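Q: Before I ask anything, let me first share the structure, which is written out below as structure tokens.
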2 protein chains.
Amino acid sequence: MNIYDVSKQAGVSIATVSRVINGNPNVSDRTRKKVLAVMEELGYTPNVFARGLGLNTMKTIGIMCSDASDLYLANAISYLERELRANEYDAILCCTGYNLENKKKYLELLLSKRVDGVIMAGSKFIESTREDNEYILNAARQVPVMLVNGRLEGKNIYSILCDDYTAVYQAVTKLIRSGRRRILYLYTSVSYSGNNKRRGYQNASMDAGLGNLENMIYQCPKDIAYSRDLLSDLYRQGLKFDAVMTSDDTLAVGALKFAASAGLKVPEDLSIIGYNNSLLSRASEPELTSVDTKIEALCTTTISTLMSVFNGGKNVPNWITISAELIKRYTTDF
Amino acid sequence: MNIYDVSKQAGVSIATVSRVINGNPNVSDRTRKKVLAVMEELGYTPNVFARGLGLNTMKTIGIMCSDASDLYLANAISYLERELRANEYDAILCCTGYNLENKKKYLELLLSKRVDGVIMAGSKFIESTREDNEYILNAARQVPVMLVNGRLEGKNIYSILCDDYTAVYQAVTKLIRSGRRRILYLYTSVSYSGNNKRRGYQNASMDAGLGNLENMIYQCPKDIAYSRDLLSDLYRQGLKFDAVMTSDDTLAVGALKFAASAGLKVPEDLSIIGYNNSLLSRASEPELTSVDTKIEALCTTTISTLMSVFNGGKNVPNWITISAELIKRYTTDF
DNA sequence: TTGTAAGCGTTATCAC
DNA sequence: GTGATAACGCTTACAA
């Protein structure tokens with residue numbers, strides 16, 4: 001069942017059938033209807049491989065993410081896929097993990113599959129040295145590369161991010177204004193986004209005259225139990241703190257568990273702010289005040305930008321920032 | 001840059017180059033090395049579209065899921081993708097939502113993309129009438145269809161599921177043995193898996209001489225607040241219950257919130273059991289006793305089964321069941 | 001508006 | 001072992 005069968009049955013040439021398939025206007029209505037009818041009758045479906053060969057594209061985008069089961073990334077994937085499909089693109093999913101060599105390998109793999117573009121979801125794809133980011137710059141020579149919540153300058157590379165700096169700055173400022181003085185900052189990892197959050201924390205406390213609080217900053221694996229135990233340890237060691245700002249809801253839930261175990265009241269004795277406004281922020285008790293990082297807006301913007309690139313749009317911005325929003329719940333008293 | 005360029009440069013025919021690419025043993029070591037060297041030198045990558053055209057496959061599997069941001073499905077997707085990639089298959093992700101027409105449309109779409117197989121992740125693809133499942137039977141005429149946690153009999157259809165019946169039966173039996181008599185059952189939706197859970201609940205209470213408890217069974221949207229409010233309403237209306245068995249951790253978290261608001265102690269006044277052993281079961285306070293439904297095992301089994309089908313394996317079972325495991329935490333006192 | 005024919009870059013079947 | 005060469009099913013100039 002191919003284009004020849006259809007053309008024969010419809011009494012036209014394959015070129016005409018092809019025109020009908022591709023919506024070419026240079027076909028008489030009568031012919032178009034006839035061909036369409038035959039296609040329907042024969043249950044004909046164009047062969048996408050042959051099509052890909054001729055057009056050198058299969059309208060497919062590679063989505064790379066470190067871990068599709070991560071709450072934040074799972075949401076991102078869901079939105080990205082929805083938007084891609086709305087634009088008639090398929091999404092090939094590629095979970096890379098966190099190892100650089102694997103990320104390189106998988107990017108190569110996607111390119112060898114001739115995807116029309118690559119989306120890197122999450123901040124874990126940008127390394128600290130220029131050399132280690134070379135693989136992305138190289139990829140961008142072949143197809144547009146979209147960084148959802150990552151930042152890298154380069155031709156054909158587009159960064160769409162949340163304004164994490166301002167988000168944390170404002171959240172911490174609110175904590176300070178509500179009377180908190182010893183605010184702990186817990187973060188999971190260093191990345192462009194991670195650095196911005198940290199800067200937001202430090203600048204907010206500097207601007208409020210509390211110093212940069214270097215000794216109030218702690219890294220912690222993205223794990224509830226780790227976070228809880230880290231805080232318990234610090235508490236036992238005598239560190240005083242009346243608030244915890246985190247870079248992820250997971251850590252905030254850990255802080256909540258620490259508070260419960262230490263007999264601290266939230267938010268009276270300990271205020272806590274989460275990040276990402278994930279499901280966790282509504283599952284915990286009390287529910288977390290958290291920063292909504294606007295994943296959906298990030299994703300829709302990513303895809304619309306990508307489509308602009310495909311449509312040859314001039315002046316497509318390489319760097320788009322979206323504002324976050326602080327969602328107040330019950331772990332803060334402002 | 002194509003196979004002709006390589007063949008010219010290497011001084012062999014394209015047939016030989018093709019043989020090298022495809023690991024055909026009928027090539028002398030000397031020639032193979034030569035060709036490999038030229039491919040390397042020229043940075044040649046085979047064109048997957050041409051390849052697909054010739055082989056009529058691009059080693060791609062369509063993964064359908066209702067919602068990639070759902071905790072359970074996000075995990076499933078993550079495992080499925082990992083296993084597919086380990087077998088050198090790509091995964092095209094397709095989030096369908098819950099509407100039947102959309103599910104049909106997307107399945108059609110995937111088939112028109114000539115995927116080599118379709119995986120339906122989650123129990124939401126099987127409808128209650130034979131007629132509404134026809135679209136799956138039809139698809140199975142073209143490619144193998146794998147149902148992860150769904151059940152449908154048919155040629156070329158493979159169901160891999162968790163033994164939900166036994167899981168719930170045993171969990172409820174434990175509740176009864178620990179002294180609970182008025183056990184509420186909260187479930188999110190009817191499906192093959194949903195029915196089995198419900199049967200497990202009913203049979204356990206029947207077998208324990210507590211009757212079938214028809215009036216203790218309630219449906220509730222998969223939402224923390226809904227679950228909390230439903231229980232609050234029932235409680236206010238005077239319904240007595242000393243335990244809640246749920247079909248999903250989300251509902252169990254809602255039960256926890258209800259307990260907190262009603263001043264009920266967990267597990268003393270109210271025992272709660274969640275389902276799926278998701279992140280939520282560790283984020284809540286106290287942490288949920290929950291049924292681990294072995295998603296990973298389900299997914300690895302799904303892919304290994306699919307590979308057996310591709311390899312022409314005879315006697316590939318159409319129905320595989322995996323046992324769940326009850327994870328005891330702090331919302332039960334057994 | 002329609003048809004002819006030349007690609008597109010492989011794989012696979014023959015010969016040799 | 002290796003090389004011609006015919007598929008594979010489409011798109012797209014170029015002609016008519």
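Following the order of the structure tokens, first chain is A, next is B, and so on, with residues numbered from 1 inside each chain and ligands from 1 in the order they appear.
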So that I can see what lies close to segment 3-10 of chain D, please list as a PyMOL selection string the residues with an atom at most 6 Å from it, counting only C-alpha atoms (C1' of nucleotides) and leaving out residues fewer than 3 positions away in the same chain.

A: (chain A and resi 50-51) or (chain B and resi 13+53-54)

Q: What's the 7 Å shell around segment 130-138 of chain A, counting only C-alpha atoms (C1' of nucleotides), without same-chain residues fewer than 3 positions away, as number ranges by chain?

A: A: 104, 126-127, 141, 154

Q: Taking only C-alpha atoms into account, which residues of chain B are within 7 Å of chain A, as a PyMOL selection string?

A: chain B and resi 45+48-50+52-53+67-69+74-75+78+90-93+112-113+253+280+283-285

Q: Store the residues picked out above in a file with N, CA and C atoms, as a compact mmCIF listing (two decimals), in the first residue's frame.

A:
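Below you can see result35.txt, which holds the result:
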# COMPACT_ATOMS: atom_id res chain seq x y z
N THR B 45 28.04 9.34 9.56
CA THR B 45 26.96 8.72 10.33
C THR B 45 25.88 8.25 9.37
N VAL B 48 19.58 7.67 9.27
CA VAL B 48 18.56 6.79 9.86
C VAL B 48 17.28 6.71 9.03
N PHE B 49 16.98 7.75 8.27
CA PHE B 49 15.74 7.73 7.49
C PHE B 49 15.87 6.72 6.34
N ALA B 50 17.01 6.78 5.67
CA ALA B 50 17.24 5.83 4.58
C ALA B 50 17.26 4.42 5.14
N GLY B 52 15.73 3.42 7.86
CA GLY B 52 14.37 3.07 8.20
C GLY B 52 13.60 2.62 6.96
N LEU B 53 13.83 3.31 5.89
CA LEU B 53 13.14 2.98 4.64
C LEU B 53 13.48 1.57 4.19
N ASP B 67 -0.71 10.64 31.82
CA ASP B 67 -0.18 11.86 32.39
C ASP B 67 1.23 11.63 32.90
N ALA B 68 2.20 12.18 32.21
CA ALA B 68 3.61 11.93 32.54
C ALA B 68 4.01 12.59 33.85
N SER B 69 3.16 13.46 34.38
CA SER B 69 3.54 14.13 35.62
C SER B 69 3.00 13.37 36.84
N ALA B 74 5.30 8.63 36.04
CA ALA B 74 6.62 9.22 35.80
C ALA B 74 7.70 8.19 36.11
N ASN B 75 7.50 7.46 37.17
CA ASN B 75 8.44 6.39 37.48
C ASN B 75 8.45 5.33 36.39
N SER B 78 10.24 6.46 33.34
CA SER B 78 11.68 6.49 33.57
C SER B 78 12.29 5.10 33.42
N ASP B 90 14.49 3.51 20.81
CA ASP B 90 14.10 4.85 21.24
C ASP B 90 12.66 4.81 21.75
N ALA B 91 12.36 5.77 22.59
CA ALA B 91 11.00 5.87 23.12
C ALA B 91 10.37 7.18 22.68
N ILE B 92 9.26 7.06 21.98
CA ILE B 92 8.47 8.25 21.67
C ILE B 92 7.40 8.36 22.73
N LEU B 93 7.39 9.48 23.41
CA LEU B 93 6.45 9.66 24.50
C LEU B 93 5.16 10.27 23.98
N SER B 112 0.90 5.31 12.79
CA SER B 112 1.23 5.93 11.49
C SER B 112 2.70 6.35 11.45
N LYS B 113 3.30 6.47 12.64
CA LYS B 113 4.73 6.78 12.70
C LYS B 113 5.56 5.50 12.59
N VAL B 253 -2.65 10.41 52.04
CA VAL B 253 -2.17 11.68 52.58
C VAL B 253 -3.37 12.55 52.97
N LEU B 280 5.33 10.32 48.18
CA LEU B 280 4.41 10.85 49.17
C LEU B 280 4.42 10.05 50.47
N ALA B 283 7.02 11.50 52.43
CA ALA B 283 6.97 12.94 52.67
C ALA B 283 5.95 13.29 53.74
N SER B 284 4.99 12.43 53.93
CA SER B 284 3.93 12.76 54.88
C SER B 284 4.42 12.55 56.31
N GLU B 285 3.66 13.07 57.24
CA GLU B 285 4.00 12.93 58.67
C GLU B 285 2.77 12.46 59.41

Q: List every residue of segment 156-271 of chain A that DSSP, applied to the backbone, labels as alpha helix (DSSP H), and write the result as a PyMOL selection string.

A: chain A and resi 164-177+192-207+224-236+249-262

Q: Please list as a PyMOL selection string every residue within 7 Å of Leu298 of chain A, counting only C-alpha atoms (C1' of nucleotides) and excluding residues in the same chain fewer than 4 positions away.

A: chain A and resi 148+160-161+294+302

Q: Using only C-alpha atoms (C1' of nucleotides), which residues sit within 10 Å of Thr166 of chain A once same-chain residues fewer than 2 positions away are excluded, as a VMD selection string?

A: chain A and resid 162 to 164 168 to 172 196 to 197 199 to 201 203 to 204 323 to 325

Q: Determine which residues of segment 205-332 of chain A receive a DSSP assignment of strand (DSSP E), computed from the backbone, and state them as a ChimeraX atom specification.

A: /A:217-219,243-246,271-275,289-292,319-322,325-327

Q: Separation of atom CA of Leu213 of chain A and atom CA of Asn195 of chain A, in Å?

A: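 Atom CA of Leu213 of chain A sits 15.2 Å away from atom CA of Asn195 of chain A.
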
Q: Tell me which of B:Leu107, B:Ala86, B:Met120, B:Leu264 sits closest to Ala139 of chain B, counting only C-alpha atoms.

A: B:Leu107

Q: So that I can check the surroundings of Lys222 of chain B, please list as a list of chain:residue names every protein, DNA and RNA residue that reaches within 8 Å of it, counting only C-alpha atoms (C1' of nucleotides) and ignoring chain neighbours fewer than 6 positions away.

A: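 My list of contacting residues is B:Thr188, B:Asp248, B:Thr250, B:Leu251.
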
Q: Between atom CA of Glu153 of chain B and atom CA of Asp116 of chain B, what is the distance, to one decimal in Å?

A: 20.0 Å

Q: Grab the atom CA of Val12 of chain A to atom CA of Lys105 of chain B distance for me, in Å with one decimal place.

A: 29.5 Å

Q: Excluding DT4 of chain C and any residue of its chain fewer than 3 positions from it, enumerate the residues within 12 Å of it, using only C-alpha atoms (C1' of nucleotides), and give them as a compact mmCIF listing (two decimals) with all heavy atoms, in the first residue's frame.

A:
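The resulting file, around-v6.txt, is shown below:
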# COMPACT_ATOMS: atom_id res chain seq x y z
N SER A 13 -1.33 10.90 -11.18
CA SER A 13 0.07 10.55 -10.98
C SER A 13 0.43 10.59 -9.50
O SER A 13 -0.30 11.19 -8.68
CB SER A 13 0.96 11.54 -11.71
OG SER A 13 0.96 12.77 -11.04
N ILE A 14 1.56 9.99 -9.16
CA ILE A 14 1.96 10.01 -7.76
C ILE A 14 2.24 11.44 -7.30
O ILE A 14 2.06 11.76 -6.14
CB ILE A 14 3.21 9.14 -7.50
CG1 ILE A 14 4.39 9.62 -8.36
CG2 ILE A 14 2.92 7.69 -7.74
CD1 ILE A 14 5.71 9.12 -7.87
N ALA A 15 2.68 12.27 -8.22
CA ALA A 15 2.96 13.66 -7.86
C ALA A 15 1.71 14.33 -7.32
O ALA A 15 1.76 15.04 -6.31
CB ALA A 15 3.49 14.42 -9.07
N THR A 16 0.61 14.07 -7.97
CA THR A 16 -0.64 14.67 -7.53
C THR A 16 -1.04 14.14 -6.15
O THR A 16 -1.45 14.90 -5.29
CB THR A 16 -1.74 14.37 -8.56
OG1 THR A 16 -1.37 14.97 -9.79
CG2 THR A 16 -3.08 14.94 -8.10
P DT D 12 9.24 18.70 -0.87
OP1 DT D 12 9.93 19.44 0.18
OP2 DT D 12 7.80 18.87 -1.10
O5' DT D 12 9.97 18.99 -2.26
C5' DT D 12 11.13 18.26 -2.62
C4' DT D 12 11.45 18.54 -4.07
O4' DT D 12 11.00 17.46 -4.91
C3' DT D 12 10.78 19.80 -4.65
O3' DT D 12 11.68 20.38 -5.57
C2' DT D 12 9.57 19.24 -5.36
C1' DT D 12 10.19 17.97 -5.93
N1 DT D 12 9.25 16.89 -6.32
C2 DT D 12 9.64 15.98 -7.28
O2 DT D 12 10.73 16.01 -7.83
N3 DT D 12 8.71 15.02 -7.57
C4 DT D 12 7.45 14.89 -7.02
O4 DT D 12 6.72 13.99 -7.36
C5 DT D 12 7.10 15.88 -6.03
C7 DT D 12 5.77 15.84 -5.37
C6 DT D 12 8.01 16.84 -5.73
P DA D 13 11.99 21.93 -5.51
OP1 DA D 13 13.47 22.02 -5.61
OP2 DA D 13 11.27 22.50 -4.39
O5' DA D 13 11.36 22.49 -6.78
C5' DA D 13 11.93 22.98 -7.91
C4' DA D 13 12.91 22.09 -8.65
O4' DA D 13 12.49 20.70 -8.62
C3' DA D 13 12.97 22.49 -10.11
O3' DA D 13 14.28 22.41 -10.63
C2' DA D 13 12.00 21.53 -10.79
C1' DA D 13 12.06 20.29 -9.89
N9 DA D 13 10.72 19.71 -9.70
C8 DA D 13 9.77 20.11 -8.79
N7 DA D 13 8.66 19.40 -8.83
C5 DA D 13 8.91 18.48 -9.83
C6 DA D 13 8.12 17.43 -10.35
N6 DA D 13 6.89 17.15 -9.90
N1 DA D 13 8.66 16.71 -11.33
C2 DA D 13 9.89 16.98 -11.78
N3 DA D 13 10.72 17.92 -11.36
C4 DA D 13 10.16 18.65 -10.37
P DC D 14 14.67 23.25 -11.88
OP1 DC D 14 16.12 23.09 -12.14
OP2 DC D 14 14.08 24.59 -11.68
O5' DC D 14 13.86 22.51 -13.05
C5' DC D 14 14.19 21.17 -13.37
C4' DC D 14 13.22 20.66 -14.39
O4' DC D 14 11.99 20.23 -13.76
C3' DC D 14 12.81 21.69 -15.46
O3' DC D 14 13.02 21.12 -16.73
C2' DC D 14 11.33 21.97 -15.16
C1' DC D 14 10.91 20.63 -14.55
N1 DC D 14 9.72 20.67 -13.66
C2 DC D 14 8.78 19.64 -13.73
O2 DC D 14 8.96 18.73 -14.55
N3 DC D 14 7.69 19.68 -12.92
C4 DC D 14 7.53 20.68 -12.06
N4 DC D 14 6.46 20.66 -11.28
C5 DC D 14 8.48 21.74 -11.97
C6 DC D 14 9.56 21.70 -12.79
P DA D 15 12.90 22.01 -18.05
OP1 DA D 15 14.15 21.88 -18.78
OP2 DA D 15 12.33 23.34 -17.69
O5' DA D 15 11.76 21.19 -18.82
C5' DA D 15 10.88 20.39 -18.04
C4' DA D 15 10.10 19.45 -18.87
O4' DA D 15 8.96 19.11 -18.08
C3' DA D 15 9.51 20.01 -20.17
O3' DA D 15 9.19 18.94 -21.03
C2' DA D 15 8.30 20.77 -19.66
C1' DA D 15 7.84 19.88 -18.49
N9 DA D 15 7.37 20.65 -17.33
C8 DA D 15 7.93 21.77 -16.78
N7 DA D 15 7.26 22.25 -15.76
C5 DA D 15 6.18 21.38 -15.63
C6 DA D 15 5.10 21.33 -14.73
N6 DA D 15 4.91 22.20 -13.76
N1 DA D 15 4.21 20.33 -14.89
C2 DA D 15 4.39 19.44 -15.86
N3 DA D 15 5.37 19.38 -16.76
C4 DA D 15 6.23 20.39 -16.59
P DA D 16 8.50 19.27 -22.41
OP1 DA D 16 8.83 18.10 -23.26
OP2 DA D 16 8.84 20.64 -22.83
O5' DA D 16 6.96 19.22 -22.07
C5' DA D 16 6.34 17.97 -21.73
C4' DA D 16 4.88 18.22 -21.47
O4' DA D 16 4.73 19.02 -20.27
C3' DA D 16 4.16 19.00 -22.59
O3' DA D 16 2.97 18.31 -22.94
C2' DA D 16 3.84 20.34 -21.96
C1' DA D 16 3.69 19.94 -20.49
N9 DA D 16 3.83 21.01 -19.54
C8 DA D 16 4.78 21.99 -19.50
N7 DA D 16 4.64 22.84 -18.50
C5 DA D 16 3.52 22.38 -17.83
C6 DA D 16 2.83 22.84 -16.68
N6 DA D 16 3.21 23.91 -15.99
N1 DA D 16 1.75 22.13 -16.29
C2 DA D 16 1.37 21.07 -16.98
N3 DA D 16 1.93 20.55 -18.08
C4 DA D 16 3.00 21.25 -18.44
